[in-house]
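Novice: So that you have it, the file is data29.txt, and it contains compact mmCIF, N, CA and C atoms:
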# COMPACT_ATOMS: atom_id res chain seq x y z
N MET I 124 0.83 -1.20 0.00
CA MET I 124 0.00 0.00 0.00
C MET I 124 0.87 1.26 0.00
N GLU I 125 2.02 1.15 0.63
CA GLU I 125 2.95 2.28 0.67
C GLU I 125 3.43 2.63 -0.74
N THR I 126 3.64 1.61 -1.57
CA THR I 126 4.08 1.83 -2.94
C THR I 126 3.02 2.61 -3.72
N LEU I 127 1.77 2.24 -3.54
CA LEU I 127 0.67 2.93 -4.22
C LEU I 127 0.59 4.39 -3.79
N LYS I 128 0.79 4.64 -2.51
CA LYS I 128 0.75 6.01 -1.99
C LYS I 128 1.88 6.84 -2.61
N THR I 129 3.06 6.27 -2.67
CA THR I 129 4.21 6.98 -3.25
C THR I 129 3.99 7.22 -4.74
N LEU I 130 3.44 6.22 -5.44
CA LEU I 130 3.13 6.39 -6.86
C LEU I 130 2.13 7.52 -7.06
N SER I 131 1.13 7.60 -6.21
CA SER I 131 0.13 8.67 -6.30
C SER I 131 0.79 10.03 -6.16
N GLU I 132 1.74 10.12 -5.21
CA GLU I 132 2.46 11.38 -5.02
C GLU I 132 3.26 11.75 -6.25
N ILE I 133 3.93 10.76 -6.85
CA ILE I 133 4.73 11.00 -8.06
C ILE I 133 3.83 11.48 -9.20
N VAL I 134 2.70 10.81 -9.39
CA VAL I 134 1.77 11.17 -10.47
C VAL I 134 1.21 12.57 -10.24
N ASN I 135 0.81 12.86 -9.01
CA ASN I 135 0.26 14.18 -8.70
C ASN I 135 1.28 15.28 -8.95
N GLU I 136 2.52 15.02 -8.57
CA GLU I 136 3.59 16.00 -8.81
C GLU I 136 3.82 16.17 -10.31
N TYR I 137 3.83 15.06 -11.04
CA TYR I 137 4.03 15.10 -12.48
C TYR I 137 2.92 15.88 -13.17
N LYS I 138 1.67 15.63 -12.76
CA LYS I 138 0.53 16.29 -13.38
C LYS I 138 0.34 17.72 -12.87
N GLY I 139 0.95 18.06 -11.75
CA GLY I 139 0.83 19.40 -11.20
C GLY I 139 -0.53 19.68 -10.58
N GLU I 140 -1.19 18.62 -10.16
CA GLU I 140 -2.48 18.78 -9.51
C GLU I 140 -2.71 17.59 -8.58
N THR I 141 -3.69 17.71 -7.70
CA THR I 141 -4.01 16.63 -6.78
C THR I 141 -5.17 15.83 -7.36
N LEU I 142 -4.87 14.59 -7.71
CA LEU I 142 -5.86 13.70 -8.31
C LEU I 142 -6.18 12.57 -7.34
N ASP I 143 -7.40 12.07 -7.41
CA ASP I 143 -7.81 10.94 -6.59
C ASP I 143 -7.39 9.67 -7.32
N ILE I 144 -6.29 9.07 -6.89
CA ILE I 144 -5.72 7.93 -7.59
C ILE I 144 -5.91 6.68 -6.75
N THR I 145 -6.47 5.65 -7.37
CA THR I 145 -6.65 4.36 -6.72
C THR I 145 -5.88 3.31 -7.50
N ALA I 146 -5.88 2.09 -6.99
CA ALA I 146 -5.19 1.00 -7.69
C ALA I 146 -5.81 0.74 -9.06
N ASP I 147 -7.10 1.06 -9.21
CA ASP I 147 -7.79 0.81 -10.47
C ASP I 147 -7.68 1.96 -11.48
N THR I 148 -7.07 3.06 -11.09
CA THR I 148 -6.91 4.20 -11.99
C THR I 148 -5.99 3.80 -13.14
N THR I 149 -6.46 4.02 -14.37
CA THR I 149 -5.61 3.71 -15.52
C THR I 149 -4.82 4.95 -15.92
N PHE I 150 -3.75 4.72 -16.63
CA PHE I 150 -2.94 5.84 -17.12
C PHE I 150 -3.72 6.62 -18.18
N GLU I 151 -4.62 5.93 -18.86
CA GLU I 151 -5.50 6.60 -19.82
C GLU I 151 -6.44 7.57 -19.08
N ASP I 152 -6.97 7.12 -17.92
CA ASP I 152 -7.82 8.00 -17.10
C ASP I 152 -7.08 9.28 -16.72
N LEU I 153 -5.79 9.14 -16.51
CA LEU I 153 -4.96 10.27 -16.08
C LEU I 153 -4.54 11.17 -17.24
N GLY I 154 -4.87 10.75 -18.47
CA GLY I 154 -4.53 11.54 -19.64
C GLY I 154 -3.08 11.40 -20.07
N PHE I 155 -2.45 10.28 -19.71
CA PHE I 155 -1.05 10.06 -20.06
C PHE I 155 -0.94 9.57 -21.49
N ASP I 156 -0.04 10.18 -22.25
CA ASP I 156 0.29 9.65 -23.57
C ASP I 156 1.58 8.83 -23.42
N SER I 157 2.09 8.30 -24.50
CA SER I 157 3.26 7.43 -24.41
C SER I 157 4.49 8.15 -23.86
N LEU I 158 4.67 9.41 -24.20
CA LEU I 158 5.81 10.17 -23.68
C LEU I 158 5.67 10.40 -22.18
N ASP I 159 4.46 10.71 -21.74
CA ASP I 159 4.21 10.87 -20.30
C ASP I 159 4.55 9.59 -19.55
N LYS I 160 4.16 8.45 -20.13
CA LYS I 160 4.45 7.17 -19.48
C LYS I 160 5.95 6.93 -19.35
N VAL I 161 6.69 7.25 -20.39
CA VAL I 161 8.14 7.07 -20.35
C VAL I 161 8.75 7.96 -19.27
N ASP I 162 8.33 9.21 -19.23
CA ASP I 162 8.82 10.13 -18.19
C ASP I 162 8.49 9.62 -16.80
N LEU I 163 7.26 9.15 -16.63
CA LEU I 163 6.84 8.63 -15.33
C LEU I 163 7.66 7.41 -14.94
N MET I 164 7.87 6.50 -15.87
CA MET I 164 8.63 5.28 -15.58
C MET I 164 10.06 5.62 -15.15
N MET I 165 10.65 6.63 -15.77
CA MET I 165 12.01 7.03 -15.38
C MET I 165 12.01 7.57 -13.95
N GLN I 166 11.00 8.36 -13.59
CA GLN I 166 10.91 8.88 -12.23
C GLN I 166 10.68 7.75 -11.23
N VAL I 167 9.85 6.79 -11.60
CA VAL I 167 9.57 5.65 -10.74
C VAL I 167 10.83 4.83 -10.51
N GLU I 168 11.57 4.56 -11.59
CA GLU I 168 12.82 3.80 -11.45
C GLU I 168 13.78 4.49 -10.51
N GLU I 169 13.91 5.79 -10.65
CA GLU I 169 14.81 6.56 -9.79
C GLU I 169 14.34 6.54 -8.33
N LYS I 170 13.07 6.76 -8.11
CA LYS I 170 12.52 6.84 -6.76
C LYS I 170 12.60 5.51 -6.02
N PHE I 171 12.29 4.41 -6.72
CA PHE I 171 12.23 3.10 -6.07
C PHE I 171 13.50 2.27 -6.24
N GLY I 172 14.43 2.72 -7.07
CA GLY I 172 15.68 1.98 -7.28
C GLY I 172 15.46 0.66 -8.00
N VAL I 173 14.54 0.65 -8.95
CA VAL I 173 14.27 -0.56 -9.74
C VAL I 173 14.46 -0.24 -11.21
N THR I 174 14.56 -1.29 -12.02
CA THR I 174 14.63 -1.13 -13.47
C THR I 174 13.41 -1.83 -14.06
N LEU I 175 12.54 -1.05 -14.65
CA LEU I 175 11.31 -1.59 -15.21
C LEU I 175 11.51 -2.15 -16.61
N GLY I 176 12.42 -1.60 -17.36
CA GLY I 176 12.64 -2.07 -18.72
C GLY I 176 11.62 -1.50 -19.69
N ASP I 177 11.89 -1.66 -20.96
CA ASP I 177 11.02 -1.11 -22.00
C ASP I 177 9.78 -1.95 -22.26
N ASP I 178 9.81 -3.20 -21.81
CA ASP I 178 8.71 -4.11 -22.14
C ASP I 178 7.66 -4.23 -21.03
N VAL I 179 7.77 -3.41 -19.99
CA VAL I 179 6.79 -3.48 -18.91
C VAL I 179 5.44 -2.99 -19.42
N ALA I 180 4.42 -3.83 -19.25
CA ALA I 180 3.09 -3.49 -19.75
C ALA I 180 2.13 -3.43 -18.57
N VAL I 181 1.83 -2.23 -18.14
CA VAL I 181 0.88 -2.04 -17.04
C VAL I 181 -0.16 -1.03 -17.49
N ALA I 182 -1.41 -1.31 -17.13
CA ALA I 182 -2.49 -0.42 -17.55
C ALA I 182 -2.98 0.46 -16.40
N THR I 183 -2.80 -0.04 -15.16
CA THR I 183 -3.30 0.71 -14.01
C THR I 183 -2.18 1.05 -13.04
N VAL I 184 -2.44 2.00 -12.19
CA VAL I 184 -1.47 2.39 -11.16
C VAL I 184 -1.23 1.21 -10.22
N GLY I 185 -2.27 0.44 -9.93
CA GLY I 185 -2.13 -0.73 -9.07
C GLY I 185 -1.22 -1.79 -9.66
N GLU I 186 -1.33 -2.01 -10.97
CA GLU I 186 -0.46 -2.97 -11.64
C GLU I 186 0.99 -2.52 -11.57
N LEU I 187 1.22 -1.22 -11.73
CA LEU I 187 2.58 -0.69 -11.63
C LEU I 187 3.11 -0.86 -10.21
N ALA I 188 2.29 -0.59 -9.21
CA ALA I 188 2.70 -0.76 -7.81
C ALA I 188 3.07 -2.21 -7.54
N SER I 189 2.29 -3.15 -8.04
CA SER I 189 2.59 -4.58 -7.85
C SER I 189 3.91 -4.95 -8.52
N LYS I 190 4.13 -4.43 -9.72
CA LYS I 190 5.38 -4.71 -10.44
C LYS I 190 6.58 -4.17 -9.67
N ILE I 191 6.46 -2.97 -9.12
CA ILE I 191 7.55 -2.38 -8.34
C ILE I 191 7.83 -3.23 -7.11
N ASP I 192 6.78 -3.63 -6.40
CA ASP I 192 6.95 -4.47 -5.20
C ASP I 192 7.63 -5.79 -5.55
N GLU I 193 7.26 -6.35 -6.68
CA GLU I 193 7.85 -7.61 -7.14
C GLU I 193 9.35 -7.42 -7.42
N LEU I 194 9.71 -6.30 -8.04
CA LEU I 194 11.12 -6.05 -8.38
C LEU I 194 11.96 -5.70 -7.16
N LYS I 195 11.34 -5.17 -6.12
CA LYS I 195 12.10 -4.77 -4.93
C LYS I 195 12.47 -5.94 -4.04
N LYS I 196 11.90 -7.12 -4.29
CA LYS I 196 12.18 -8.29 -3.45
C LYS I 196 13.55 -8.83 -3.67
Translate the structure described by the file into structure tokens.
Specialist:
Amino acid sequence: METLKTLSEIVNEYKGETLDITADTTFEDLGFDSLDKVDLMMQVEEKFGVTLGDDVAVATVGELASKIDELKK
């Protein structure tokens, strides 16, 4: 749950506004295009100390949080 909270903070900072983000929120809901996703993934990798790679396919914030938790083990 801590990962999801941190991801929400990163997304809110990136978007420059406070959004209600849940595990089911999709990146499409957030208005992210492919460039936004790449920028976000770079910030996530830096913040969490993980390498997501170019082939990571996640549609929701919750899926990304799960992937990060899996990589941190």
Novice: Using all atoms listed in the file, which residue out of I:Asp192, I:Val167, I:Leu153, I:Asp159 lies closest to Ile133 in chain I?
Specialist: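 Going through I:Asp192, I:Val167, I:Leu153, I:Asp159 one by one, the smallest distance to Ile133 in chain I is for I:Val167.
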Novice: For the atom pair CA of Thr149 in chain I and CA of Lys170 in chain I, what is the interatomic distance in Å to one decimal place?
Specialist: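 Computed distance, CA of Thr149 in chain I to CA of Lys170 in chain I, equals 20.4 Å.
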Novice: Up to 8 Å from (2.1, 2.4, -10.6) in the file's coordinates: name the residues, counting only C-alpha atoms, as a list of chain:residue names.
Specialist: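 Selection result: I:Thr126, I:Leu127, I:Leu130, I:Ser131, I:Ala146, I:Val181, I:Thr183, I:Val184, I:Gly185, I:Glu186, I:Leu187, I:Ala188, I:Ser189, I:Lys190, I:Ile191.
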Novice: Just the number, please: distance in Å from atom N of Phe150 in chain I to CA of Val173 in chain I, one decimal.
Specialist: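 Taking atom N of Phe150 in chain I as the start and CA of Val173 in chain I as the end point, the length is 20.0 Å.
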Novice: May I ask for the distance between atom C of Val161 in chain I and atom C of Lys196 in chain I, given in Å to one decimal place?
Specialist: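 Between atom C of Val161 in chain I and atom C of Lys196 in chain I the gap works out to 23.4 Å.
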Novice: List every residue of chain I that DSSP, applied to the backbone of this structure, assigns to alpha helix (DSSP H), and report them as a PDB file with N, CA and C atoms, in the frame of the given file.
Specialist:
ATOM      1  N   GLU I 125       2.020   1.150   0.630  1.00  0.00           N
ATOM      2  CA  GLU I 125       2.950   2.280   0.670  1.00  0.00           C
ATOM      3  C   GLU I 125       3.430   2.630  -0.740  1.00  0.00           C
ATOM      4  N   THR I 126       3.640   1.610  -1.570  1.00  0.00           N
ATOM      5  CA  THR I 126       4.080   1.830  -2.940  1.00  0.00           C
ATOM      6  C   THR I 126       3.020   2.610  -3.720  1.00  0.00           C
ATOM      7  N   LEU I 127       1.770   2.240  -3.540  1.00  0.00           N
ATOM      8  CA  LEU I 127       0.670   2.930  -4.220  1.00  0.00           C
ATOM      9  C   LEU I 127       0.590   4.390  -3.790  1.00  0.00           C
ATOM     10  N   LYS I 128       0.790   4.640  -2.510  1.00  0.00           N
ATOM     11  CA  LYS I 128       0.750   6.010  -1.990  1.00  0.00           C
ATOM     12  C   LYS I 128       1.880   6.840  -2.610  1.00  0.00           C
ATOM     13  N   THR I 129       3.060   6.270  -2.670  1.00  0.00           N
ATOM     14  CA  THR I 129       4.210   6.980  -3.250  1.00  0.00           C
ATOM     15  C   THR I 129       3.990   7.220  -4.740  1.00  0.00           C
ATOM     16  N   LEU I 130       3.440   6.220  -5.440  1.00  0.00           N
ATOM     17  CA  LEU I 130       3.130   6.390  -6.860  1.00  0.00           C
ATOM     18  C   LEU I 130       2.130   7.520  -7.060  1.00  0.00           C
ATOM     19  N   SER I 131       1.130   7.600  -6.210  1.00  0.00           N
ATOM     20  CA  SER I 131       0.130   8.670  -6.300  1.00  0.00           C
ATOM     21  C   SER I 131       0.790  10.030  -6.160  1.00  0.00           C
ATOM     22  N   GLU I 132       1.740  10.120  -5.210  1.00  0.00           N
ATOM     23  CA  GLU I 132       2.460  11.380  -5.020  1.00  0.00           C
ATOM     24  C   GLU I 132       3.260  11.750  -6.250  1.00  0.00           C
ATOM     25  N   ILE I 133       3.930  10.760  -6.850  1.00  0.00           N
ATOM     26  CA  ILE I 133       4.730  11.000  -8.060  1.00  0.00           C
ATOM     27  C   ILE I 133       3.830  11.480  -9.200  1.00  0.00           C
ATOM     28  N   VAL I 134       2.700  10.810  -9.390  1.00  0.00           N
ATOM     29  CA  VAL I 134       1.770  11.170 -10.470  1.00  0.00           C
ATOM     30  C   VAL I 134       1.210  12.570 -10.240  1.00  0.00           C
ATOM     31  N   ASN I 135       0.810  12.860  -9.010  1.00  0.00           N
ATOM     32  CA  ASN I 135       0.260  14.180  -8.700  1.00  0.00           C
ATOM     33  C   ASN I 135       1.280  15.280  -8.950  1.00  0.00           C
ATOM     34  N   GLU I 136       2.520  15.020  -8.570  1.00  0.00           N
ATOM     35  CA  GLU I 136       3.590  16.000  -8.810  1.00  0.00           C
ATOM     36  C   GLU I 136       3.820  16.170 -10.310  1.00  0.00           C
ATOM     37  N   TYR I 137       3.830  15.060 -11.040  1.00  0.00           N
ATOM     38  CA  TYR I 137       4.030  15.100 -12.480  1.00  0.00           C
ATOM     39  C   TYR I 137       2.920  15.880 -13.170  1.00  0.00           C
ATOM     40  N   LYS I 138       1.670  15.630 -12.760  1.00  0.00           N
ATOM     41  CA  LYS I 138       0.530  16.290 -13.380  1.00  0.00           C
ATOM     42  C   LYS I 138       0.340  17.720 -12.870  1.00  0.00           C
ATOM     43  N   SER I 157       2.090   8.300 -24.500  1.00  0.00           N
ATOM     44  CA  SER I 157       3.260   7.430 -24.410  1.00  0.00           C
ATOM     45  C   SER I 157       4.490   8.150 -23.860  1.00  0.00           C
ATOM     46  N   LEU I 158       4.670   9.410 -24.200  1.00  0.00           N
ATOM     47  CA  LEU I 158       5.810  10.170 -23.680  1.00  0.00           C
ATOM     48  C   LEU I 158       5.670  10.400 -22.180  1.00  0.00           C
ATOM     49  N   ASP I 159       4.460  10.710 -21.740  1.00  0.00           N
ATOM     50  CA  ASP I 159       4.210  10.870 -20.300  1.00  0.00           C
ATOM     51  C   ASP I 159       4.550   9.590 -19.550  1.00  0.00           C
ATOM     52  N   LYS I 160       4.160   8.450 -20.130  1.00  0.00           N
ATOM     53  CA  LYS I 160       4.450   7.170 -19.480  1.00  0.00           C
ATOM     54  C   LYS I 160       5.950   6.930 -19.350  1.00  0.00           C
ATOM     55  N   VAL I 161       6.690   7.250 -20.390  1.00  0.00           N
ATOM     56  CA  VAL I 161       8.140   7.070 -20.350  1.00  0.00           C
ATOM     57  C   VAL I 161       8.750   7.960 -19.270  1.00  0.00           C
ATOM     58  N   ASP I 162       8.330   9.210 -19.230  1.00  0.00           N
ATOM     59  CA  ASP I 162       8.820  10.130 -18.190  1.00  0.00           C
ATOM     60  C   ASP I 162       8.490   9.620 -16.800  1.00  0.00           C
ATOM     61  N   LEU I 163       7.260   9.150 -16.630  1.00  0.00           N
ATOM     62  CA  LEU I 163       6.840   8.630 -15.330  1.00  0.00           C
ATOM     63  C   LEU I 163       7.660   7.410 -14.940  1.00  0.00           C
ATOM     64  N   MET I 164       7.870   6.500 -15.870  1.00  0.00           N
ATOM     65  CA  MET I 164       8.630   5.280 -15.580  1.00  0.00           C
ATOM     66  C   MET I 164      10.060   5.620 -15.150  1.00  0.00           C
ATOM     67  N   MET I 165      10.650   6.630 -15.770  1.00  0.00           N
ATOM     68  CA  MET I 165      12.010   7.030 -15.380  1.00  0.00           C
ATOM     69  C   MET I 165      12.010   7.570 -13.950  1.00  0.00           C
ATOM     70  N   GLN I 166      11.000   8.360 -13.590  1.00  0.00           N
ATOM     71  CA  GLN I 166      10.910   8.880 -12.230  1.00  0.00           C
ATOM     72  C   GLN I 166      10.680   7.750 -11.230  1.00  0.00           C
ATOM     73  N   VAL I 167       9.850   6.790 -11.600  1.00  0.00           N
ATOM     74  CA  VAL I 167       9.570   5.650 -10.740  1.00  0.00           C
ATOM     75  C   VAL I 167      10.830   4.830 -10.510  1.00  0.00           C
ATOM     76  N   GLU I 168      11.570   4.560 -11.590  1.00  0.00           N
ATOM     77  CA  GLU I 168      12.820   3.800 -11.450  1.00  0.00           C
ATOM     78  C   GLU I 168      13.780   4.490 -10.510  1.00  0.00           C
ATOM     79  N   GLU I 169      13.910   5.790 -10.650  1.00  0.00           N
ATOM     80  CA  GLU I 169      14.810   6.560  -9.790  1.00  0.00           C
ATOM     81  C   GLU I 169      14.340   6.540  -8.330  1.00  0.00           C
ATOM     82  N   LYS I 170      13.070   6.760  -8.110  1.00  0.00           N
ATOM     83  CA  LYS I 170      12.520   6.840  -6.760  1.00  0.00           C
ATOM     84  C   LYS I 170      12.600   5.510  -6.020  1.00  0.00           C
ATOM     85  N   PHE I 171      12.290   4.410  -6.720  1.00  0.00           N
ATOM     86  CA  PHE I 171      12.230   3.100  -6.070  1.00  0.00           C
ATOM     87  C   PHE I 171      13.500   2.270  -6.240  1.00  0.00           C
ATOM     88  N   VAL I 184      -2.440   2.000 -12.190  1.00  0.00           N
ATOM     89  CA  VAL I 184      -1.470   2.390 -11.160  1.00  0.00           C
ATOM     90  C   VAL I 184      -1.230   1.210 -10.220  1.00  0.00           C
ATOM     91  N   GLY I 185      -2.270   0.440  -9.930  1.00  0.00           N
ATOM     92  CA  GLY I 185      -2.130  -0.730  -9.070  1.00  0.00           C
ATOM     93  C   GLY I 185      -1.220  -1.790  -9.660  1.00  0.00           C
ATOM     94  N   GLU I 186      -1.330  -2.010 -10.970  1.00  0.00           N
ATOM     95  CA  GLU I 186      -0.460  -2.970 -11.640  1.00  0.00           C
ATOM     96  C   GLU I 186       0.990  -2.520 -11.570  1.00  0.00           C
ATOM     97  N   LEU I 187       1.220  -1.220 -11.730  1.00  0.00           N
ATOM     98  CA  LEU I 187       2.580  -0.690 -11.630  1.00  0.00           C
ATOM     99  C   LEU I 187       3.110  -0.860 -10.210  1.00  0.00           C
ATOM    100  N   ALA I 188       2.290  -0.590  -9.210  1.00  0.00           N
ATOM    101  CA  ALA I 188       2.700  -0.760  -7.810  1.00  0.00           C
ATOM    102  C   ALA I 188       3.070  -2.210  -7.540  1.00  0.00           C
ATOM    103  N   SER I 189       2.290  -3.150  -8.040  1.00  0.00           N
ATOM    104  CA  SER I 189       2.590  -4.580  -7.850  1.00  0.00           C
ATOM    105  C   SER I 189       3.910  -4.950  -8.520  1.00  0.00           C
ATOM    106  N   LYS I 190       4.130  -4.430  -9.720  1.00  0.00           N
ATOM    107  CA  LYS I 190       5.380  -4.710 -10.440  1.00  0.00           C
ATOM    108  C   LYS I 190       6.580  -4.170  -9.670  1.00  0.00           C
ATOM    109  N   ILE I 191       6.460  -2.970  -9.120  1.00  0.00           N
ATOM    110  CA  ILE I 191       7.550  -2.380  -8.340  1.00  0.00           C
ATOM    111  C   ILE I 191       7.830  -3.230  -7.110  1.00  0.00           C
ATOM    112  N   ASP I 192       6.780  -3.630  -6.400  1.00  0.00           N
ATOM    113  CA  ASP I 192       6.950  -4.470  -5.200  1.00  0.00           C
ATOM    114  C   ASP I 192       7.630  -5.790  -5.550  1.00  0.00           C
ATOM    115  N   GLU I 193       7.260  -6.350  -6.680  1.00  0.00           N
ATOM    116  CA  GLU I 193       7.850  -7.610  -7.140  1.00  0.00           C
ATOM    117  C   GLU I 193       9.350  -7.420  -7.420  1.00  0.00           C
ATOM    118  N   LEU I 194       9.710  -6.300  -8.040  1.00  0.00           N
ATOM    119  CA  LEU I 194      11.120  -6.050  -8.380  1.00  0.00           C
ATOM    120  C   LEU I 194      11.960  -5.700  -7.160  1.00  0.00           C
ATOM    121  N   LYS I 195      11.340  -5.170  -6.120  1.00  0.00           N
ATOM    122  CA  LYS I 195      12.100  -4.770  -4.930  1.00  0.00           C
ATOM    123  C   LYS I 195      12.470  -5.940  -4.040  1.00  0.00           C
TER     124      LYS I 195
END
Novice: Give me the residues near Gly172 in chain I as a ChimeraX atom specification, where near means some atom within 8 Å (using all atoms listed in the file) and where sequence neighbours in that chain fewer than 5 positions away do not count.
Specialist: /I:166-167,194-195
Novice: Just write range 177-192 of chain I with N, CA and C atoms, as a tab-separated table (two decimals), in the first residue's frame, taken from the block above.
Specialist:
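The new file result.tsv reads:
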chain	number	residue	atom	x	y	z
I	177	ASP	N	11.89	-1.66	-20.96
I	177	ASP	CA	11.02	-1.11	-22.00
I	177	ASP	C	9.78	-1.95	-22.26
I	178	ASP	N	9.81	-3.20	-21.81
I	178	ASP	CA	8.71	-4.11	-22.14
I	178	ASP	C	7.66	-4.23	-21.03
I	179	VAL	N	7.77	-3.41	-19.99
I	179	VAL	CA	6.79	-3.48	-18.91
I	179	VAL	C	5.44	-2.99	-19.42
I	180	ALA	N	4.42	-3.83	-19.25
I	180	ALA	CA	3.09	-3.49	-19.75
I	180	ALA	C	2.13	-3.43	-18.57
I	181	VAL	N	1.83	-2.23	-18.14
I	181	VAL	CA	0.88	-2.04	-17.04
I	181	VAL	C	-0.16	-1.03	-17.49
I	182	ALA	N	-1.41	-1.31	-17.13
I	182	ALA	CA	-2.49	-0.42	-17.55
I	182	ALA	C	-2.98	0.46	-16.40
I	183	THR	N	-2.80	-0.04	-15.16
I	183	THR	CA	-3.30	0.71	-14.01
I	183	THR	C	-2.18	1.05	-13.04
I	184	VAL	N	-2.44	2.00	-12.19
I	184	VAL	CA	-1.47	2.39	-11.16
I	184	VAL	C	-1.23	1.21	-10.22
I	185	GLY	N	-2.27	0.44	-9.93
I	185	GLY	CA	-2.13	-0.73	-9.07
I	185	GLY	C	-1.22	-1.79	-9.66
I	186	GLU	N	-1.33	-2.01	-10.97
I	186	GLU	CA	-0.46	-2.97	-11.64
I	186	GLU	C	0.99	-2.52	-11.57
I	187	LEU	N	1.22	-1.22	-11.73
I	187	LEU	CA	2.58	-0.69	-11.63
I	187	LEU	C	3.11	-0.86	-10.21
I	188	ALA	N	2.29	-0.59	-9.21
I	188	ALA	CA	2.70	-0.76	-7.81
I	188	ALA	C	3.07	-2.21	-7.54
I	189	SER	N	2.29	-3.15	-8.04
I	189	SER	CA	2.59	-4.58	-7.85
I	189	SER	C	3.91	-4.95	-8.52
I	190	LYS	N	4.13	-4.43	-9.72
I	190	LYS	CA	5.38	-4.71	-10.44
I	190	LYS	C	6.58	-4.17	-9.67
I	191	ILE	N	6.46	-2.97	-9.12
I	191	ILE	CA	7.55	-2.38	-8.34
I	191	ILE	C	7.83	-3.23	-7.11
I	192	ASP	N	6.78	-3.63	-6.40
I	192	ASP	CA	6.95	-4.47	-5.20
I	192	ASP	C	7.63	-5.79	-5.55
